[in-house]
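Have a look at input-v1.cif; it's mmCIF, N, CA and C atoms:
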```cif
data_start
loop_
_atom_site.label_atom_id
_atom_site.label_comp_id
_atom_site.auth_asym_id
_atom_site.auth_seq_id
_atom_site.Cartn_x
_atom_site.Cartn_y
_atom_site.Cartn_z
N GLN C 1 -18.73 -4.72 -4.89
CA GLN C 1 -17.73 -3.68 -4.68
C GLN C 1 -17.01 -3.94 -3.36
N VAL C 2 -15.71 -3.78 -3.39
CA VAL C 2 -14.90 -3.94 -2.18
C VAL C 2 -14.63 -2.58 -1.58
N GLN C 3 -14.56 -2.53 -0.27
CA GLN C 3 -14.19 -1.29 0.43
C GLN C 3 -12.94 -1.55 1.28
N PHE C 4 -12.07 -0.53 1.32
CA PHE C 4 -10.86 -0.62 2.12
C PHE C 4 -10.88 0.45 3.20
N VAL C 5 -10.39 0.08 4.39
CA VAL C 5 -10.21 1.03 5.47
C VAL C 5 -8.76 0.95 5.93
N GLU C 6 -8.04 2.06 5.84
CA GLU C 6 -6.65 2.12 6.26
C GLU C 6 -6.55 2.74 7.65
N SER C 7 -5.52 2.35 8.37
CA SER C 7 -5.25 2.95 9.68
C SER C 7 -3.78 2.79 10.01
N GLY C 8 -3.35 3.50 11.05
CA GLY C 8 -1.98 3.36 11.53
C GLY C 8 -1.08 4.53 11.23
N GLY C 9 -1.56 5.48 10.44
CA GLY C 9 -0.72 6.63 10.14
C GLY C 9 -0.49 7.48 11.39
N ALA C 10 0.65 8.16 11.42
CA ALA C 10 1.00 8.98 12.58
C ALA C 10 2.15 9.91 12.24
N LEU C 11 2.51 10.73 13.22
CA LEU C 11 3.71 11.56 13.13
C LEU C 11 4.86 10.75 13.73
N VAL C 12 5.94 10.64 12.99
CA VAL C 12 7.08 9.85 13.45
C VAL C 12 8.37 10.56 13.07
N GLN C 13 9.41 10.37 13.86
CA GLN C 13 10.69 11.00 13.58
C GLN C 13 11.43 10.27 12.46
N PRO C 14 12.30 10.95 11.75
CA PRO C 14 13.12 10.26 10.75
C PRO C 14 13.87 9.09 11.36
N GLY C 15 13.90 7.98 10.63
CA GLY C 15 14.52 6.77 11.13
C GLY C 15 13.58 5.88 11.91
N GLY C 16 12.39 6.37 12.18
CA GLY C 16 11.42 5.60 12.94
C GLY C 16 10.67 4.59 12.09
N SER C 17 9.71 3.92 12.73
CA SER C 17 8.93 2.87 12.07
C SER C 17 7.44 3.06 12.33
N LEU C 18 6.65 2.55 11.41
CA LEU C 18 5.19 2.52 11.55
C LEU C 18 4.67 1.25 10.91
N ARG C 19 3.51 0.80 11.36
CA ARG C 19 2.82 -0.29 10.69
C ARG C 19 1.44 0.21 10.30
N LEU C 20 1.18 0.21 9.00
CA LEU C 20 -0.13 0.57 8.48
C LEU C 20 -0.95 -0.70 8.27
N SER C 21 -2.26 -0.57 8.50
CA SER C 21 -3.18 -1.69 8.31
C SER C 21 -4.21 -1.33 7.26
N CYS C 22 -4.62 -2.33 6.50
CA CYS C 22 -5.63 -2.16 5.46
C CYS C 22 -6.58 -3.34 5.58
N VAL C 23 -7.85 -3.03 5.85
CA VAL C 23 -8.85 -4.08 6.00
C VAL C 23 -9.87 -3.95 4.88
N ALA C 24 -10.10 -5.05 4.18
CA ALA C 24 -11.06 -5.07 3.08
C ALA C 24 -12.37 -5.67 3.54
N SER C 25 -13.46 -5.17 2.98
CA SER C 25 -14.78 -5.73 3.24
C SER C 25 -15.59 -5.64 1.96
N GLY C 26 -16.75 -6.27 1.98
CA GLY C 26 -17.60 -6.26 0.79
C GLY C 26 -17.25 -7.41 -0.13
N SER C 27 -17.19 -7.15 -1.40
CA SER C 27 -16.96 -8.19 -2.41
C SER C 27 -15.47 -8.53 -2.50
N THR C 28 -14.93 -9.09 -1.43
CA THR C 28 -13.49 -9.36 -1.39
C THR C 28 -13.07 -10.48 -2.33
N SER C 29 -14.03 -11.31 -2.75
CA SER C 29 -13.66 -12.38 -3.68
C SER C 29 -13.23 -11.83 -5.03
N ASP C 30 -13.55 -10.57 -5.30
CA ASP C 30 -13.17 -9.94 -6.57
C ASP C 30 -11.77 -9.34 -6.52
N VAL C 31 -11.13 -9.39 -5.35
CA VAL C 31 -9.83 -8.74 -5.19
C VAL C 31 -8.73 -9.75 -5.48
N PHE C 32 -7.82 -9.39 -6.36
CA PHE C 32 -6.70 -10.26 -6.69
C PHE C 32 -5.39 -9.73 -6.14
N VAL C 33 -5.16 -8.45 -6.30
CA VAL C 33 -3.95 -7.81 -5.79
C VAL C 33 -4.34 -6.58 -4.99
N ILE C 34 -3.76 -6.43 -3.80
CA ILE C 34 -4.00 -5.25 -2.97
C ILE C 34 -2.75 -4.37 -3.02
N VAL C 35 -2.97 -3.12 -3.26
CA VAL C 35 -1.88 -2.16 -3.45
C VAL C 35 -1.85 -1.16 -2.30
N TRP C 36 -0.64 -0.84 -1.86
CA TRP C 36 -0.43 0.35 -1.03
C TRP C 36 0.12 1.45 -1.96
N ALA C 37 -0.61 2.54 -2.02
CA ALA C 37 -0.17 3.67 -2.82
C ALA C 37 -0.05 4.88 -1.90
N ARG C 38 0.68 5.89 -2.33
CA ARG C 38 0.80 7.09 -1.52
C ARG C 38 0.74 8.32 -2.40
N GLN C 39 0.34 9.40 -1.77
CA GLN C 39 0.37 10.69 -2.45
C GLN C 39 1.16 11.64 -1.57
N VAL C 40 2.32 12.01 -2.04
CA VAL C 40 3.14 12.95 -1.30
C VAL C 40 2.83 14.34 -1.82
N PRO C 41 3.03 15.37 -1.01
CA PRO C 41 2.68 16.73 -1.43
C PRO C 41 3.34 17.12 -2.75
N GLY C 42 2.51 17.63 -3.67
CA GLY C 42 3.02 18.11 -4.94
C GLY C 42 3.22 17.06 -6.00
N LYS C 43 2.88 15.81 -5.68
CA LYS C 43 3.09 14.74 -6.66
C LYS C 43 1.81 13.93 -6.85
N ASP C 44 1.77 13.16 -7.94
CA ASP C 44 0.64 12.27 -8.19
C ASP C 44 0.74 11.05 -7.28
N ARG C 45 -0.37 10.36 -7.15
CA ARG C 45 -0.36 9.11 -6.39
C ARG C 45 0.54 8.10 -7.08
N GLU C 46 1.24 7.30 -6.29
CA GLU C 46 2.11 6.26 -6.83
C GLU C 46 1.94 4.99 -6.02
N GLY C 47 1.99 3.86 -6.72
CA GLY C 47 1.97 2.58 -6.04
C GLY C 47 3.35 2.30 -5.47
N VAL C 48 3.43 1.97 -4.20
CA VAL C 48 4.74 1.71 -3.59
C VAL C 48 4.95 0.23 -3.25
N SER C 49 3.86 -0.50 -3.04
CA SER C 49 4.00 -1.92 -2.74
C SER C 49 2.66 -2.60 -2.98
N CYS C 50 2.71 -3.88 -3.30
CA CYS C 50 1.46 -4.61 -3.46
C CYS C 50 1.71 -6.10 -3.22
N VAL C 51 0.64 -6.81 -2.99
CA VAL C 51 0.72 -8.24 -2.74
C VAL C 51 -0.46 -8.94 -3.40
N SER C 52 -0.19 -10.09 -3.97
CA SER C 52 -1.26 -10.90 -4.55
C SER C 52 -1.94 -11.70 -3.46
N VAL C 53 -3.26 -11.62 -3.42
CA VAL C 53 -4.02 -12.37 -2.43
C VAL C 53 -3.90 -13.87 -2.68
N TYR C 54 -3.70 -14.26 -3.92
CA TYR C 54 -3.76 -15.68 -4.28
C TYR C 54 -2.41 -16.36 -4.35
N ASP C 55 -1.39 -15.72 -4.94
CA ASP C 55 -0.12 -16.45 -5.04
C ASP C 55 0.96 -15.86 -4.15
N GLY C 56 0.65 -14.78 -3.41
CA GLY C 56 1.59 -14.24 -2.44
C GLY C 56 2.73 -13.44 -3.02
N THR C 57 2.77 -13.26 -4.33
CA THR C 57 3.85 -12.46 -4.91
C THR C 57 3.75 -11.03 -4.41
N LYS C 58 4.90 -10.37 -4.34
CA LYS C 58 4.98 -9.01 -3.81
C LYS C 58 5.80 -8.12 -4.74
N TYR C 59 5.54 -6.86 -4.64
CA TYR C 59 6.30 -5.87 -5.41
C TYR C 59 6.60 -4.67 -4.50
N TYR C 60 7.79 -4.09 -4.69
CA TYR C 60 8.17 -2.87 -3.99
C TYR C 60 8.77 -1.89 -5.00
N SER C 61 8.40 -0.63 -4.89
CA SER C 61 9.04 0.38 -5.73
C SER C 61 10.46 0.62 -5.23
N ASP C 62 11.28 1.16 -6.08
CA ASP C 62 12.67 1.42 -5.70
C ASP C 62 12.76 2.37 -4.51
N SER C 63 11.79 3.27 -4.38
CA SER C 63 11.85 4.27 -3.32
C SER C 63 11.65 3.67 -1.93
N VAL C 64 11.08 2.47 -1.84
CA VAL C 64 10.82 1.86 -0.53
C VAL C 64 11.47 0.50 -0.36
N LYS C 65 12.03 -0.03 -1.42
CA LYS C 65 12.62 -1.37 -1.36
C LYS C 65 13.72 -1.42 -0.30
N GLY C 66 13.68 -2.44 0.53
CA GLY C 66 14.66 -2.59 1.59
C GLY C 66 14.26 -1.91 2.89
N ARG C 67 13.23 -1.08 2.84
CA ARG C 67 12.77 -0.38 4.05
C ARG C 67 11.35 -0.77 4.43
N PHE C 68 10.49 -0.99 3.46
CA PHE C 68 9.09 -1.35 3.71
C PHE C 68 8.90 -2.83 3.46
N VAL C 69 8.00 -3.43 4.23
CA VAL C 69 7.63 -4.82 4.04
C VAL C 69 6.11 -4.93 4.03
N ILE C 70 5.57 -5.57 2.99
CA ILE C 70 4.13 -5.78 2.91
C ILE C 70 3.84 -7.21 3.35
N SER C 71 2.77 -7.38 4.11
CA SER C 71 2.42 -8.72 4.56
C SER C 71 0.91 -8.86 4.64
N ARG C 72 0.46 -10.10 4.64
CA ARG C 72 -0.97 -10.37 4.77
C ARG C 72 -1.25 -10.87 6.18
N GLY C 73 -2.41 -10.53 6.68
CA GLY C 73 -2.82 -11.06 7.96
C GLY C 73 -3.35 -12.48 7.79
N ASN C 74 -3.81 -13.05 8.88
CA ASN C 74 -4.39 -14.39 8.81
C ASN C 74 -5.58 -14.43 7.88
N ALA C 75 -6.32 -13.35 7.86
CA ALA C 75 -7.41 -13.22 6.90
C ALA C 75 -6.85 -12.60 5.63
N LYS C 76 -7.19 -13.16 4.50
CA LYS C 76 -6.67 -12.63 3.23
C LYS C 76 -7.10 -11.20 3.01
N THR C 77 -8.10 -10.77 3.77
CA THR C 77 -8.65 -9.44 3.55
C THR C 77 -7.93 -8.36 4.34
N THR C 78 -6.85 -8.72 5.05
CA THR C 78 -6.09 -7.75 5.82
C THR C 78 -4.66 -7.72 5.30
N VAL C 79 -4.17 -6.53 5.06
CA VAL C 79 -2.80 -6.36 4.56
C VAL C 79 -2.12 -5.28 5.40
N PHE C 80 -0.86 -5.52 5.72
CA PHE C 80 -0.08 -4.57 6.51
C PHE C 80 1.06 -4.01 5.66
N LEU C 81 1.47 -2.80 6.00
CA LEU C 81 2.68 -2.21 5.43
C LEU C 81 3.58 -1.81 6.59
N HIS C 82 4.67 -2.56 6.76
CA HIS C 82 5.63 -2.27 7.81
C HIS C 82 6.66 -1.31 7.23
N MET C 83 6.70 -0.12 7.81
CA MET C 83 7.54 0.95 7.27
C MET C 83 8.70 1.20 8.24
N ASN C 84 9.92 0.98 7.79
CA ASN C 84 11.10 1.16 8.61
C ASN C 84 12.02 2.22 8.00
N SER C 85 12.93 2.72 8.83
CA SER C 85 13.90 3.73 8.37
C SER C 85 13.20 4.85 7.60
N LEU C 86 12.16 5.36 8.20
CA LEU C 86 11.35 6.36 7.52
C LEU C 86 12.13 7.65 7.28
N LYS C 87 11.83 8.27 6.14
CA LYS C 87 12.48 9.50 5.72
C LYS C 87 11.43 10.61 5.56
N PRO C 88 11.84 11.85 5.66
CA PRO C 88 10.86 12.94 5.46
C PRO C 88 10.14 12.84 4.12
N GLU C 89 10.80 12.32 3.10
CA GLU C 89 10.16 12.20 1.79
C GLU C 89 9.12 11.10 1.72
N ASP C 90 8.98 10.33 2.79
CA ASP C 90 7.90 9.34 2.88
C ASP C 90 6.60 9.97 3.36
N THR C 91 6.65 11.23 3.75
CA THR C 91 5.46 11.93 4.22
C THR C 91 4.40 11.98 3.13
N GLY C 92 3.17 11.64 3.51
CA GLY C 92 2.07 11.68 2.55
C GLY C 92 0.88 10.91 3.06
N VAL C 93 -0.13 10.81 2.23
CA VAL C 93 -1.31 10.02 2.55
C VAL C 93 -1.17 8.66 1.88
N TYR C 94 -1.34 7.63 2.67
CA TYR C 94 -1.19 6.25 2.19
C TYR C 94 -2.56 5.61 2.02
N TYR C 95 -2.76 5.02 0.84
CA TYR C 95 -4.04 4.44 0.47
C TYR C 95 -3.91 2.96 0.14
N CYS C 96 -5.01 2.24 0.35
CA CYS C 96 -5.16 0.90 -0.19
C CYS C 96 -6.05 0.97 -1.41
N ALA C 97 -5.80 0.08 -2.34
CA ALA C 97 -6.64 -0.04 -3.53
C ALA C 97 -6.48 -1.47 -4.05
N ALA C 98 -7.35 -1.82 -4.98
CA ALA C 98 -7.29 -3.14 -5.59
C ALA C 98 -6.97 -3.01 -7.07
N VAL C 99 -6.36 -4.05 -7.60
CA VAL C 99 -6.12 -4.10 -9.03
C VAL C 99 -6.35 -5.53 -9.50
N GLN C 100 -6.99 -5.67 -10.64
CA GLN C 100 -7.26 -6.99 -11.20
C GLN C 100 -6.01 -7.41 -11.97
N ALA C 101 -5.28 -8.33 -11.40
CA ALA C 101 -4.02 -8.76 -12.00
C ALA C 101 -3.75 -10.19 -11.57
N PRO C 102 -3.06 -10.95 -12.41
CA PRO C 102 -2.77 -12.35 -12.05
C PRO C 102 -1.75 -12.48 -10.93
N SER C 103 -0.89 -11.47 -10.78
CA SER C 103 0.10 -11.49 -9.72
C SER C 103 0.59 -10.07 -9.49
N ALA C 104 1.46 -9.91 -8.50
CA ALA C 104 1.94 -8.58 -8.12
C ALA C 104 3.12 -8.16 -9.01
N SER C 105 2.83 -7.75 -10.22
CA SER C 105 3.88 -7.33 -11.14
C SER C 105 4.13 -5.82 -11.02
N GLU C 106 5.30 -5.39 -11.48
CA GLU C 106 5.61 -3.96 -11.43
C GLU C 106 4.57 -3.17 -12.23
N TYR C 107 4.21 -3.69 -13.40
CA TYR C 107 3.25 -2.97 -14.24
C TYR C 107 1.93 -2.76 -13.52
N HIS C 108 1.39 -3.84 -12.98
CA HIS C 108 0.06 -3.74 -12.36
C HIS C 108 0.10 -2.97 -11.05
N CYS C 109 1.24 -2.95 -10.38
CA CYS C 109 1.32 -2.30 -9.07
C CYS C 109 1.75 -0.85 -9.14
N THR C 110 2.07 -0.35 -10.33
CA THR C 110 2.44 1.06 -10.48
C THR C 110 1.51 1.82 -11.44
N SER C 111 0.64 1.10 -12.13
CA SER C 111 -0.29 1.75 -13.07
C SER C 111 -1.53 2.18 -12.30
N THR C 112 -1.50 3.39 -11.74
CA THR C 112 -2.58 3.83 -10.86
C THR C 112 -3.92 3.92 -11.57
N GLY C 113 -3.90 4.04 -12.90
CA GLY C 113 -5.16 4.07 -13.66
C GLY C 113 -5.91 2.75 -13.60
N LEU C 114 -5.21 1.69 -13.22
CA LEU C 114 -5.85 0.37 -13.10
C LEU C 114 -6.42 0.13 -11.70
N PHE C 115 -6.04 0.99 -10.74
CA PHE C 115 -6.47 0.77 -9.35
C PHE C 115 -7.94 1.15 -9.20
N HIS C 116 -8.62 0.42 -8.31
CA HIS C 116 -10.01 0.77 -8.01
C HIS C 116 -10.29 0.56 -6.54
N SER C 117 -11.44 1.05 -6.12
CA SER C 117 -11.90 0.89 -4.73
C SER C 117 -10.94 1.51 -3.73
N TRP C 118 -10.49 2.70 -4.00
CA TRP C 118 -9.57 3.40 -3.11
C TRP C 118 -10.18 3.58 -1.73
N GLY C 119 -9.35 3.39 -0.69
CA GLY C 119 -9.77 3.72 0.66
C GLY C 119 -9.67 5.22 0.90
N GLN C 120 -9.95 5.64 2.12
CA GLN C 120 -9.93 7.08 2.43
C GLN C 120 -8.53 7.57 2.76
N GLY C 121 -7.61 6.66 3.01
CA GLY C 121 -6.22 7.03 3.26
C GLY C 121 -5.91 7.26 4.72
N THR C 122 -4.63 7.17 5.04
CA THR C 122 -4.15 7.46 6.39
C THR C 122 -2.88 8.30 6.26
N GLN C 123 -2.78 9.35 7.08
CA GLN C 123 -1.69 10.32 6.96
C GLN C 123 -0.44 9.83 7.69
N VAL C 124 0.68 9.86 6.98
CA VAL C 124 1.98 9.57 7.57
C VAL C 124 2.83 10.83 7.46
N THR C 125 3.34 11.29 8.59
CA THR C 125 4.20 12.47 8.59
C THR C 125 5.53 12.11 9.25
N VAL C 126 6.62 12.30 8.51
CA VAL C 126 7.95 12.00 9.03
C VAL C 126 8.67 13.33 9.22
N SER C 127 8.87 13.70 10.46
CA SER C 127 9.45 15.00 10.75
C SER C 127 10.07 14.99 12.14
N ALA C 128 11.17 15.74 12.26
CA ALA C 128 11.79 15.88 13.57
C ALA C 128 11.06 16.94 14.40
#
```
Go ahead and render the structure in this file as structure tokens.
Amino acid sequence: QVQFVESGGALVQPGGSLRLSCVASGSTSDVFVIVWARQVPGKDREGVSCVSVYDGTKYYSDSVKGRFVISRGNAKTTVFLHMNSLKPEDTGVYYCAAVQAPSASEYHCTSTGLFHSWGQGTQVTVSA
């Protein structure tokens, strides 16, 4: 079993930036794609970005495309989410999870029922 620990969430003003970190431990050899998902108030969790550990492919949802950048650290077990031009609607809890997929496709990165090993999440609040 793999475990994820997220960090980096904070209160930030609209238009600001944050970098979230996700560190995996445990059975990391079983992880193929790492997903950043979020739960905003009143809505279900949604996958917003993901990256394949093996082939480096990436996916971004339309709601964050052009503003967020996902990257891997030197260790394959670390993934960052660089969040720019933040909006109040980005407020929510951001989670890491894994999905068994050959690459970072839209299907695999948005089907939350396929995600496993959810982390505890980190709170992002965008407010003036």
- Query: Any idea what's packed within 9 Å of Val124 of chain C, counting only C-alpha atoms, ignoring anything in its chain fewer than 6 positions away? Could you give it as JSON, numbers by chain?
  - Reply: {"C": [8, 9, 10, 11, 12, 18, 90, 91, 92, 93, 94]}
- Message: I'd like to see the residues matched by the PyMOL selection byres (((chain C and resi 35 and name CA) around 7) and name CA) on this file, and ideally I'd get them as number ranges by chain.
- Response: C: 33-34, 36-37, 47, 49-51, 96-98, 109
- Compile the contact shell of Arg67 of chain C as a PyMOL selection string: residues with an atom at most 12 Å away, counting only C-alpha atoms, same-chain residues fewer than 4 positions apart removed. chain C and resi 15-19+48-49+60-63+81-87+90
- Query: Quick one: DSSP strand (DSSP E) residues in segment 3-124 of chain C, as a PyMOL selection string?
  - Reply: chain C and resi 3-7+11-12+18-26+33-39+46-52+58-60+68-72+78-83+92-99+122-124
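Closest approach to Ala24 of chain C among C:Gln1, C:Thr78, C:Ser7, C:Thr57: C:Thr78, based on all atoms listed in the file.
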Evaluate the PyMOL selection byres ((chain C and resi 112-116) around 8) against this structure - the residues, as a PDB file with N, CA and C atoms, in the coordinates of the input, please.
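As a result, result.pdb now contains:
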```
ATOM      1  N   VAL C   2     -15.710  -3.780  -3.390  1.00  0.00           N
ATOM      2  CA  VAL C   2     -14.900  -3.940  -2.180  1.00  0.00           C
ATOM      3  C   VAL C   2     -14.630  -2.580  -1.580  1.00  0.00           C
ATOM      4  N   ARG C  45      -0.370  10.360  -7.150  1.00  0.00           N
ATOM      5  CA  ARG C  45      -0.360   9.110  -6.390  1.00  0.00           C
ATOM      6  C   ARG C  45       0.540   8.100  -7.080  1.00  0.00           C
ATOM      7  N   GLU C  46       1.240   7.300  -6.290  1.00  0.00           N
ATOM      8  CA  GLU C  46       2.110   6.260  -6.830  1.00  0.00           C
ATOM      9  C   GLU C  46       1.940   4.990  -6.020  1.00  0.00           C
ATOM     10  N   GLY C  47       1.990   3.860  -6.720  1.00  0.00           N
ATOM     11  CA  GLY C  47       1.970   2.580  -6.040  1.00  0.00           C
ATOM     12  C   GLY C  47       3.350   2.300  -5.470  1.00  0.00           C
ATOM     13  N   CYS C  96      -5.010   2.240   0.350  1.00  0.00           N
ATOM     14  CA  CYS C  96      -5.160   0.900  -0.190  1.00  0.00           C
ATOM     15  C   CYS C  96      -6.050   0.970  -1.410  1.00  0.00           C
ATOM     16  N   ALA C  97      -5.800   0.080  -2.340  1.00  0.00           N
ATOM     17  CA  ALA C  97      -6.640  -0.040  -3.530  1.00  0.00           C
ATOM     18  C   ALA C  97      -6.480  -1.470  -4.050  1.00  0.00           C
ATOM     19  N   ALA C  98      -7.350  -1.820  -4.980  1.00  0.00           N
ATOM     20  CA  ALA C  98      -7.290  -3.140  -5.590  1.00  0.00           C
ATOM     21  C   ALA C  98      -6.970  -3.010  -7.070  1.00  0.00           C
ATOM     22  N   VAL C  99      -6.360  -4.050  -7.600  1.00  0.00           N
ATOM     23  CA  VAL C  99      -6.120  -4.100  -9.030  1.00  0.00           C
ATOM     24  C   VAL C  99      -6.350  -5.530  -9.500  1.00  0.00           C
ATOM     25  N   GLN C 100      -6.990  -5.670 -10.640  1.00  0.00           N
ATOM     26  CA  GLN C 100      -7.260  -6.990 -11.200  1.00  0.00           C
ATOM     27  C   GLN C 100      -6.010  -7.410 -11.970  1.00  0.00           C
ATOM     28  N   TYR C 107       4.210  -3.690 -13.400  1.00  0.00           N
ATOM     29  CA  TYR C 107       3.250  -2.970 -14.240  1.00  0.00           C
ATOM     30  C   TYR C 107       1.930  -2.760 -13.520  1.00  0.00           C
ATOM     31  N   HIS C 108       1.390  -3.840 -12.980  1.00  0.00           N
ATOM     32  CA  HIS C 108       0.060  -3.740 -12.360  1.00  0.00           C
ATOM     33  C   HIS C 108       0.100  -2.970 -11.050  1.00  0.00           C
ATOM     34  N   CYS C 109       1.240  -2.950 -10.380  1.00  0.00           N
ATOM     35  CA  CYS C 109       1.320  -2.300  -9.070  1.00  0.00           C
ATOM     36  C   CYS C 109       1.750  -0.850  -9.140  1.00  0.00           C
ATOM     37  N   THR C 110       2.070  -0.350 -10.330  1.00  0.00           N
ATOM     38  CA  THR C 110       2.440   1.060 -10.480  1.00  0.00           C
ATOM     39  C   THR C 110       1.510   1.820 -11.440  1.00  0.00           C
ATOM     40  N   SER C 111       0.640   1.100 -12.130  1.00  0.00           N
ATOM     41  CA  SER C 111      -0.290   1.750 -13.070  1.00  0.00           C
ATOM     42  C   SER C 111      -1.530   2.180 -12.300  1.00  0.00           C
ATOM     43  N   SER C 117     -11.440   1.050  -6.120  1.00  0.00           N
ATOM     44  CA  SER C 117     -11.900   0.890  -4.730  1.00  0.00           C
ATOM     45  C   SER C 117     -10.940   1.510  -3.730  1.00  0.00           C
ATOM     46  N   TRP C 118     -10.490   2.700  -4.000  1.00  0.00           N
ATOM     47  CA  TRP C 118      -9.570   3.400  -3.110  1.00  0.00           C
ATOM     48  C   TRP C 118     -10.180   3.580  -1.730  1.00  0.00           C
ATOM     49  N   GLY C 119      -9.350   3.390  -0.690  1.00  0.00           N
ATOM     50  CA  GLY C 119      -9.770   3.720   0.660  1.00  0.00           C
ATOM     51  C   GLY C 119      -9.670   5.220   0.900  1.00  0.00           C
TER      52      GLY C 119
END
```
- DSSP alpha helix (DSSP H) residues within segment 6-123 of chain C, listed as a list in words: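 Taking segment 6-123 of chain C and keeping alpha helix (DSSP H) gives Glu106, Tyr107, His108, Cys109 and Thr110 of chain C.
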